[in-house]
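*Asks:* Sharing my_file20.cif below, mmCIF, C-alpha atoms:
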data_upload
loop_
_atom_site.label_atom_id
_atom_site.label_comp_id
_atom_site.auth_asym_id
_atom_site.auth_seq_id
_atom_site.Cartn_x
_atom_site.Cartn_y
_atom_site.Cartn_z
CA MET H 10 0.00 0.00 0.00
CA HIS H 11 1.50 3.29 -1.14
CA TYR H 12 -1.43 5.63 -0.55
CA VAL H 13 -0.35 8.96 0.98
CA PHE H 14 -3.02 10.55 3.15
CA ASP H 15 -3.42 14.29 2.68
CA PHE H 16 -6.36 15.79 4.54
CA SER H 17 -4.97 19.28 4.01
CA ALA H 18 -6.16 19.12 0.39
CA ILE H 19 -9.77 18.96 1.60
CA PHE H 20 -9.45 22.20 3.55
CA GLN H 21 -7.91 24.36 0.85
CA GLY H 22 -9.56 26.96 -1.37
CA GLU H 23 -13.33 26.79 -1.63
CA TYR H 24 -13.67 23.17 -0.53
CA PRO H 25 -14.46 23.95 3.14
CA THR H 26 -17.14 26.37 1.94
CA TRP H 27 -18.69 23.64 -0.21
CA LEU H 28 -18.79 21.28 2.75
CA LEU H 29 -20.26 23.99 4.98
CA ARG H 30 -23.02 24.72 2.48
CA GLY H 31 -23.76 21.03 2.18
CA PHE H 32 -23.85 20.74 5.97
CA ILE H 33 -26.31 23.64 6.25
CA THR H 34 -28.48 22.17 3.50
CA THR H 35 -28.53 18.82 5.30
CA LEU H 36 -29.56 20.49 8.55
CA ALA H 37 -32.29 22.49 6.81
CA LEU H 38 -33.62 19.47 4.93
CA ALA H 39 -33.54 17.25 8.02
CA GLY H 40 -35.10 19.91 10.26
CA LEU H 41 -37.97 20.84 7.94
CA SER H 42 -38.64 17.21 7.07
CA TRP H 43 -38.75 16.23 10.75
CA ILE H 44 -41.21 19.01 11.62
CA LEU H 45 -43.52 18.06 8.75
CA ALA H 46 -43.17 14.32 9.42
CA PHE H 47 -43.91 14.71 13.13
CA SER H 48 -46.92 16.95 12.46
CA VAL H 49 -48.43 14.67 9.82
CA GLY H 50 -47.58 11.50 11.76
CA SER H 51 -49.19 12.83 14.95
CA LEU H 52 -52.33 13.84 13.05
CA LEU H 53 -52.59 10.44 11.39
CA ALA H 54 -52.13 8.67 14.72
CA VAL H 55 -54.95 10.69 16.29
CA ILE H 56 -57.25 10.01 13.34
CA ARG H 57 -56.57 6.27 13.58
CA LEU H 58 -57.50 6.38 17.26
CA THR H 59 -60.98 7.71 16.46
CA GLY H 60 -61.95 4.17 15.51
CA SER H 61 -63.42 5.11 12.15
CA PRO H 62 -63.16 2.05 9.86
CA VAL H 63 -62.87 4.20 6.73
CA ALA H 64 -60.16 6.44 8.22
CA ASN H 65 -58.31 3.42 9.59
CA GLY H 66 -58.38 1.74 6.19
CA VAL H 67 -57.17 4.80 4.30
CA ILE H 68 -54.35 5.49 6.76
CA ALA H 69 -53.36 1.82 6.83
CA VAL H 70 -52.92 1.95 3.05
CA TYR H 71 -50.98 5.21 3.38
CA VAL H 72 -48.65 3.67 5.97
CA ALA H 73 -48.13 0.48 3.98
CA PHE H 74 -47.41 2.42 0.79
CA HIS H 75 -44.81 4.68 2.36
CA ARG H 76 -43.14 2.00 4.47
CA ASN H 77 -42.83 -0.63 1.74
CA VAL H 78 -41.53 1.48 -1.14
CA PRO H 79 -37.85 2.55 -1.04
CA MET H 80 -37.23 6.14 0.01
CA LEU H 81 -35.30 6.83 -3.20
CA VAL H 82 -38.29 5.79 -5.30
CA HIS H 83 -40.50 8.23 -3.37
CA ILE H 84 -38.01 11.05 -3.96
CA LEU H 85 -37.77 10.30 -7.68
CA PHE H 86 -41.56 10.03 -7.93
CA TRP H 87 -42.13 13.41 -6.31
CA TYR H 88 -39.42 15.13 -8.34
CA PHE H 89 -40.05 13.63 -11.78
CA GLY H 90 -43.62 12.33 -11.61
CA VAL H 91 -45.73 14.73 -9.56
CA PRO H 92 -44.77 17.97 -11.40
CA ALA H 93 -46.11 16.46 -14.63
CA LEU H 94 -49.57 16.37 -13.02
CA LEU H 95 -49.49 19.93 -11.68
CA PRO H 96 -50.67 23.10 -13.45
CA GLN H 97 -47.89 24.87 -15.32
CA PRO H 98 -47.85 27.97 -13.03
CA ILE H 99 -47.21 25.75 -10.00
CA THR H 100 -44.49 23.84 -11.84
CA ASP H 101 -42.85 27.11 -12.87
CA TRP H 102 -42.98 28.33 -9.27
CA LEU H 103 -41.39 25.13 -8.01
CA ASN H 104 -38.63 25.32 -10.61
CA SER H 105 -37.84 28.90 -9.63
CA HIS H 106 -37.81 28.15 -5.89
CA GLY H 107 -35.65 25.04 -5.71
CA SER H 108 -37.95 22.18 -6.66
CA GLU H 109 -35.21 19.67 -5.80
CA PHE H 110 -35.17 20.73 -2.15
CA ILE H 111 -38.95 21.11 -1.89
CA MET H 112 -39.79 17.76 -3.45
CA SER H 113 -37.16 15.85 -1.49
CA CYS H 114 -38.47 17.46 1.71
CA ILE H 115 -42.03 16.41 0.88
CA ALA H 116 -41.01 12.86 0.00
CA ILE H 117 -38.89 12.35 3.11
CA SER H 118 -41.56 13.92 5.33
CA LEU H 119 -44.37 11.71 4.06
CA VAL H 120 -42.35 8.51 4.34
CA MET H 121 -41.17 9.28 7.86
CA SER H 122 -44.67 10.38 8.92
CA ALA H 123 -45.85 6.81 8.29
CA TYR H 124 -43.25 5.46 10.72
CA ILE H 125 -44.00 8.16 13.30
CA CYS H 126 -47.73 7.45 13.04
CA GLU H 127 -47.18 3.80 13.92
CA ASP H 128 -44.73 4.62 16.72
CA LEU H 129 -47.24 6.97 18.35
CA ARG H 130 -50.10 4.53 17.88
CA SER H 131 -48.05 1.81 19.56
CA ALA H 132 -47.22 4.20 22.40
CA VAL H 133 -50.91 4.97 22.93
CA ARG H 134 -51.60 1.24 23.19
CA GLY H 135 -49.20 1.17 26.13
CA ILE H 136 -51.43 3.54 28.09
CA PRO H 137 -54.08 1.87 30.29
CA PRO H 138 -57.47 2.15 28.53
CA GLY H 139 -59.06 3.12 31.81
CA GLN H 140 -57.55 6.60 31.45
CA VAL H 141 -59.62 7.24 28.34
CA GLU H 142 -62.77 6.05 30.09
CA ALA H 143 -62.01 8.19 33.14
CA SER H 144 -61.40 11.26 30.96
CA ARG H 145 -64.67 10.78 29.12
CA ALA H 146 -66.47 10.29 32.44
CA LEU H 147 -65.10 13.67 33.54
CA GLY H 148 -66.73 15.29 30.52
CA LEU H 149 -63.69 15.66 28.28
CA SER H 150 -64.26 15.35 24.55
CA PHE H 151 -62.24 12.94 22.42
CA MET H 152 -59.87 15.68 21.26
CA GLN H 153 -59.48 17.04 24.80
CA THR H 154 -58.72 13.54 26.04
CA MET H 155 -56.09 13.09 23.34
CA ARG H 156 -54.53 16.51 23.86
CA LYS H 157 -54.51 16.68 27.65
CA VAL H 158 -54.27 13.06 28.79
CA ILE H 159 -53.23 10.53 26.16
CA LEU H 160 -50.79 12.23 23.78
CA PRO H 161 -48.56 13.78 26.47
CA GLN H 162 -48.00 10.28 27.88
CA ALA H 163 -47.67 8.74 24.42
CA PHE H 164 -44.92 11.18 23.48
CA ARG H 165 -42.98 10.17 26.60
CA ILE H 166 -43.29 6.49 25.73
CA ALA H 167 -42.42 7.11 22.08
CA ILE H 168 -39.18 9.03 22.68
CA PRO H 169 -36.87 6.02 21.99
CA PRO H 170 -38.50 5.03 18.67
CA LEU H 171 -38.83 8.67 17.64
CA LEU H 172 -35.11 9.08 18.30
CA ASN H 173 -34.43 6.18 15.95
CA GLN H 174 -36.66 7.74 13.30
CA THR H 175 -34.80 11.04 13.65
CA LEU H 176 -31.48 9.32 13.01
CA LEU H 177 -32.98 7.46 10.05
CA LEU H 178 -34.36 10.70 8.64
CA LEU H 179 -30.96 12.38 8.92
CA LYS H 180 -29.32 9.57 6.97
CA ASN H 181 -32.08 9.54 4.36
CA THR H 182 -31.39 13.18 3.47
CA SER H 183 -28.32 11.95 1.62
CA LEU H 184 -30.64 10.35 -0.97
CA ALA H 185 -31.70 13.83 -2.07
CA MET H 186 -28.43 14.09 -3.98
CA ALA H 187 -30.05 11.81 -6.59
CA ILE H 188 -32.20 14.73 -7.79
CA GLY H 189 -29.54 17.41 -7.49
CA VAL H 190 -29.79 18.62 -3.89
CA THR H 191 -26.28 19.64 -2.86
CA GLU H 192 -26.45 18.35 0.69
CA LEU H 193 -23.49 17.07 2.69
CA THR H 194 -22.89 13.85 0.77
CA ALA H 195 -23.18 15.61 -2.59
CA ALA H 196 -20.78 18.30 -1.38
CA GLY H 197 -18.32 15.60 -0.35
CA ARG H 198 -18.55 14.06 -3.79
CA GLU H 199 -17.84 17.43 -5.42
CA VAL H 200 -14.78 17.89 -3.24
CA GLU H 201 -13.62 14.38 -4.14
CA ASN H 202 -14.11 15.06 -7.86
CA TYR H 203 -11.93 18.16 -7.72
CA THR H 204 -9.23 16.96 -5.33
CA PHE H 205 -9.13 13.24 -6.25
CA ARG H 206 -8.80 12.59 -2.50
CA THR H 207 -11.57 10.01 -2.24
CA PHE H 208 -10.76 8.62 1.20
CA GLU H 209 -10.18 12.02 2.78
CA ALA H 210 -13.32 13.63 1.34
CA TYR H 211 -15.68 10.88 2.43
CA ALA H 212 -13.89 10.46 5.75
CA VAL H 213 -14.64 14.09 6.58
CA VAL H 214 -18.27 13.65 5.53
CA THR H 215 -18.52 10.48 7.63
CA VAL H 216 -17.17 12.24 10.71
CA ILE H 217 -19.68 15.08 10.29
CA TYR H 218 -22.57 12.60 10.07
CA LEU H 219 -21.28 10.78 13.14
CA VAL H 220 -21.04 14.02 15.12
CA LEU H 221 -24.60 14.96 14.14
CA SER H 222 -25.84 11.50 15.09
CA PHE H 223 -24.10 11.60 18.47
CA ILE H 224 -25.61 15.03 19.16
CA ILE H 225 -29.08 13.69 18.35
CA MET H 226 -28.48 10.61 20.50
CA GLY H 227 -27.27 12.77 23.38
CA GLY H 228 -30.30 15.03 23.10
CA GLY H 229 -32.55 11.98 22.99
CA ALA H 230 -30.93 10.56 26.12
CA LEU H 231 -31.57 13.85 27.94
CA LEU H 232 -35.20 13.83 26.84
CA GLN H 233 -35.63 10.24 28.01
CA ARG H 234 -34.28 11.11 31.45
CA ARG H 235 -36.34 14.25 31.76
CA TYR H 236 -39.60 12.91 30.33
CA ARG H 237 -39.77 9.37 31.60
CA PRO H 238 -43.13 7.63 31.24
CA LEU H 239 -45.30 8.14 34.29
CA GLY H 240 -44.65 5.37 36.79
CA ALA H 241 -41.28 4.42 35.27
CA ARG H 242 -38.21 4.26 37.48
#
Would you give me this structure, written as structure tokens?

*Replies:*
Amino acid sequence: MHYVFDFSAIFQGEYPTWLLRGFITTLALAGLSWILAFSVGSLLAVIRLTGSPVANGVIAVYVAFHRNVPMLVHILFWYFGVPALLPQPITDWLNSHGSEFIMSCIAISLVMSAYICEDLRSAVRGIPPGQVEASRALGLSFMQTMRKVILPQAFRIAIPPLLNQTLLLLKNTSLAMAIGVTELTAAGREVENYTFRTFEAYAVVTVIYLVLSFIIMGGGALLQRRYRPLGAR
């Protein structure tokens, strides 16, 4: 082996700026996708808990569709397929406002919302059913029961699986490079193409992903300690 490591080549000229921009894009894509995924997933979980057979059936199909089709296929579908069905003014607006970022954000959000929906529904199942009956006996409506009694406990129970979904979402943002989003992985590839330092470029990208993951895991551990399920030791 005669390979000479040279990490200094990665931090010369504009290369650090490229990596920084990719890092910021990854954070923005992950952050917006998580907010949308959590909002949609929570809403779907509540709707499933209403007990409506029609709503349950529709959401079950939604969950199965998004969980059983590869994330990359969803991203490609939203970027190449959906715009063809939209009115031209909307397509023009998307093209002028970064359709790559918008469509990848939508695709990632919808896929992850299916996982979050099931995680929250499973968490609700871990709450004694007597609490719902007691809340209704006190005069609380279904939505009041969900908002004030059930969901706060469900979120506590669901912290570990939600942490796993957050890490998965972060890693899935790298798939957005397939449609031209210059996130962290794409930035690393650009640096590698210009410097021909393949190991060094992807090693730096790997370290950045690891640091982000450790930060998320640390934050999740703090949340688990602070918001333990009621009755847990």

*Asks:* Specify as a list in words each residue included when the PyMOL selection byres ((chain H and resi 199-205) around 10) is applied to this file.

*Replies:* Ala18, Ile19, Phe20, Gln21, Glu23, Tyr24, Pro25, Trp27, Leu28, Thr191, Leu193, Thr194, Ala195, Ala196, Gly197, Arg198, Arg206, Thr207, Phe208, Glu209, Ala210 and Tyr211 of chain H

*Asks:* Take the selection from the previous step and output its residues with C-alpha atoms, as a JSON list (two decimals), in the coordinates of the input.

*Replies:*
[["chain", "number", "residue", "atom", "x", "y", "z"],
["H", 18, "ALA", "CA", -6.16, 19.12, 0.39],
["H", 19, "ILE", "CA", -9.77, 18.96, 1.60],
["H", 20, "PHE", "CA", -9.45, 22.20, 3.55],
["H", 21, "GLN", "CA", -7.91, 24.36, 0.85],
["H", 23, "GLU", "CA", -13.33, 26.79, -1.63],
["H", 24, "TYR", "CA", -13.67, 23.17, -0.53],
["H", 25, "PRO", "CA", -14.46, 23.95, 3.14],
["H", 27, "TRP", "CA", -18.69, 23.64, -0.21],
["H", 28, "LEU", "CA", -18.79, 21.28, 2.75],
["H", 191, "THR", "CA", -26.28, 19.64, -2.86],
["H", 193, "LEU", "CA", -23.49, 17.07, 2.69],
["H", 194, "THR", "CA", -22.89, 13.85, 0.77],
["H", 195, "ALA", "CA", -23.18, 15.61, -2.59],
["H", 196, "ALA", "CA", -20.78, 18.30, -1.38],
["H", 197, "GLY", "CA", -18.32, 15.60, -0.35],
["H", 198, "ARG", "CA", -18.55, 14.06, -3.79],
["H", 206, "ARG", "CA", -8.80, 12.59, -2.50],
["H", 207, "THR", "CA", -11.57, 10.01, -2.24],
["H", 208, "PHE", "CA", -10.76, 8.62, 1.20],
["H", 209, "GLU", "CA", -10.18, 12.02, 2.78],
["H", 210, "ALA", "CA", -13.32, 13.63, 1.34],
["H", 211, "TYR", "CA", -15.68, 10.88, 2.43]]

*Asks:* If you measure from atom CA of H:Arg235 to atom CA of H:Ala163, what distance in Å do you get, rounded to one decimal?

*Replies:*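 Rounded to one decimal, the two atoms are 14.6 Å apart.
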
*Asks:* Each residue of stretch 68-129 of chain H lying at most 8 Å from stretch 168-178 of chain H should get a row with its shortest atom-to-atom pair and the distance in Å to one decimal, counting only C-alpha atoms; could you produce that, ordered by chain and increasing number, as JSON lines?

*Replies:*
{"residue": "H:Ile117", "atom": "CA", "partner": "H:Leu178", "partner_atom": "CA", "distance": 7.3}
{"residue": "H:Met121", "atom": "CA", "partner": "H:Leu178", "partner_atom": "CA", "distance": 7.0}
{"residue": "H:Tyr124", "atom": "CA", "partner": "H:Gln174", "partner_atom": "CA", "distance": 7.4}
{"residue": "H:Ile125", "atom": "CA", "partner": "H:Leu171", "partner_atom": "CA", "distance": 6.8}
{"residue": "H:Asp128", "atom": "CA", "partner": "H:Pro170", "partner_atom": "CA", "distance": 6.5}

*Asks:* Figure out the distance between atom CA of H:Leu232 and atom CA of H:Phe32, please, to one decimal in Å.

*Replies:* 24.7 Å

*Asks:* Evaluate the PyMOL selection byres ((chain H and resi 42) around 9) on the structure here and hand back the selected residues as a ChimeraX atom specification.

*Replies:* /H:37-41,43-47,113-119,121,178

*Asks:* I'd like the residues picked by the PyMOL selection byres ((chain H and resi 81) around 9) written out as number ranges by chain, using the chain letters and numbers from the file.

*Replies:* H: 78-80, 82-86, 116, 181, 184-185, 187

*Asks:* From the options H:Leu160, H:Ala54, H:Ile33, H:Ile166, which residue's atoms come nearest to H:Ser122, counting all atoms listed in the file?

*Replies:*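 Using all atoms listed in the file, H:Ser122 sits closest to H:Ala54.
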
*Asks:* Kindly indicate which residue among H:Ser51, H:Leu221, H:Glu142, H:Ala69 lies nearest to H:Arg156, using all atoms listed in the file for the distances.

*Replies:*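 Distance minimum relative to H:Arg156 lands on H:Ser51.
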
*Asks:* Rounded to one decimal, what separation in Å do you get between atom CA of H:Met186 and atom CA of H:His75?

*Replies:*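 Separation between atom CA of H:Met186 and atom CA of H:His75: 19.9 Å.
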
*Asks:* List the neighbours of H:Arg237 out to 12 Å using all atoms listed in the file; skip same-chain residues closer than 3 positions along the sequence, and give me the result as a compact mmCIF listing (two decimals) with C-alpha atoms, in the coordinates of the input.

*Replies:*
# COMPACT_ATOMS: atom_id res chain seq x y z
CA PRO H 161 -48.56 13.78 26.47
CA GLN H 162 -48.00 10.28 27.88
CA ALA H 163 -47.67 8.74 24.42
CA PHE H 164 -44.92 11.18 23.48
CA ARG H 165 -42.98 10.17 26.60
CA ILE H 166 -43.29 6.49 25.73
CA ALA H 167 -42.42 7.11 22.08
CA ILE H 168 -39.18 9.03 22.68
CA PRO H 169 -36.87 6.02 21.99
CA GLY H 229 -32.55 11.98 22.99
CA ALA H 230 -30.93 10.56 26.12
CA LEU H 231 -31.57 13.85 27.94
CA LEU H 232 -35.20 13.83 26.84
CA GLN H 233 -35.63 10.24 28.01
CA ARG H 234 -34.28 11.11 31.45
CA GLY H 240 -44.65 5.37 36.79
CA ALA H 241 -41.28 4.42 35.27
CA ARG H 242 -38.21 4.26 37.48

*Asks:* With distances taken over only C-alpha atoms, which residue among H:Val91, H:Leu219, H:Cys126, H:Val13 lies nearest H:Ile68?

*Replies:*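 Looking at the shortest contact to H:Ile68, the residue is H:Cys126.
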
*Asks:* Tell me which protein, DNA and RNA residues are within 9 Å of H:Leu103, counting all atoms listed in the file, leaving out same-chain ones fewer than 6 positions away, and put them as a PyMOL selection string.

*Replies:* chain H and resi 92+109+111-112

*Asks:* Restricting the calculation to all atoms listed in the file, which member of H:Gly148, H:Gly50, H:Gly227, H:Gly22 is positioned closest to H:Ala123?

*Replies:*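 Ranked by minimum distance to H:Ala123, first place goes to H:Gly50.
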
*Asks:* Counting only C-alpha atoms, figure out which residue out of H:Thr59, H:Ser48, H:Asn65, H:Gln97 gets nearest to H:Met155.

*Replies:* H:Thr59
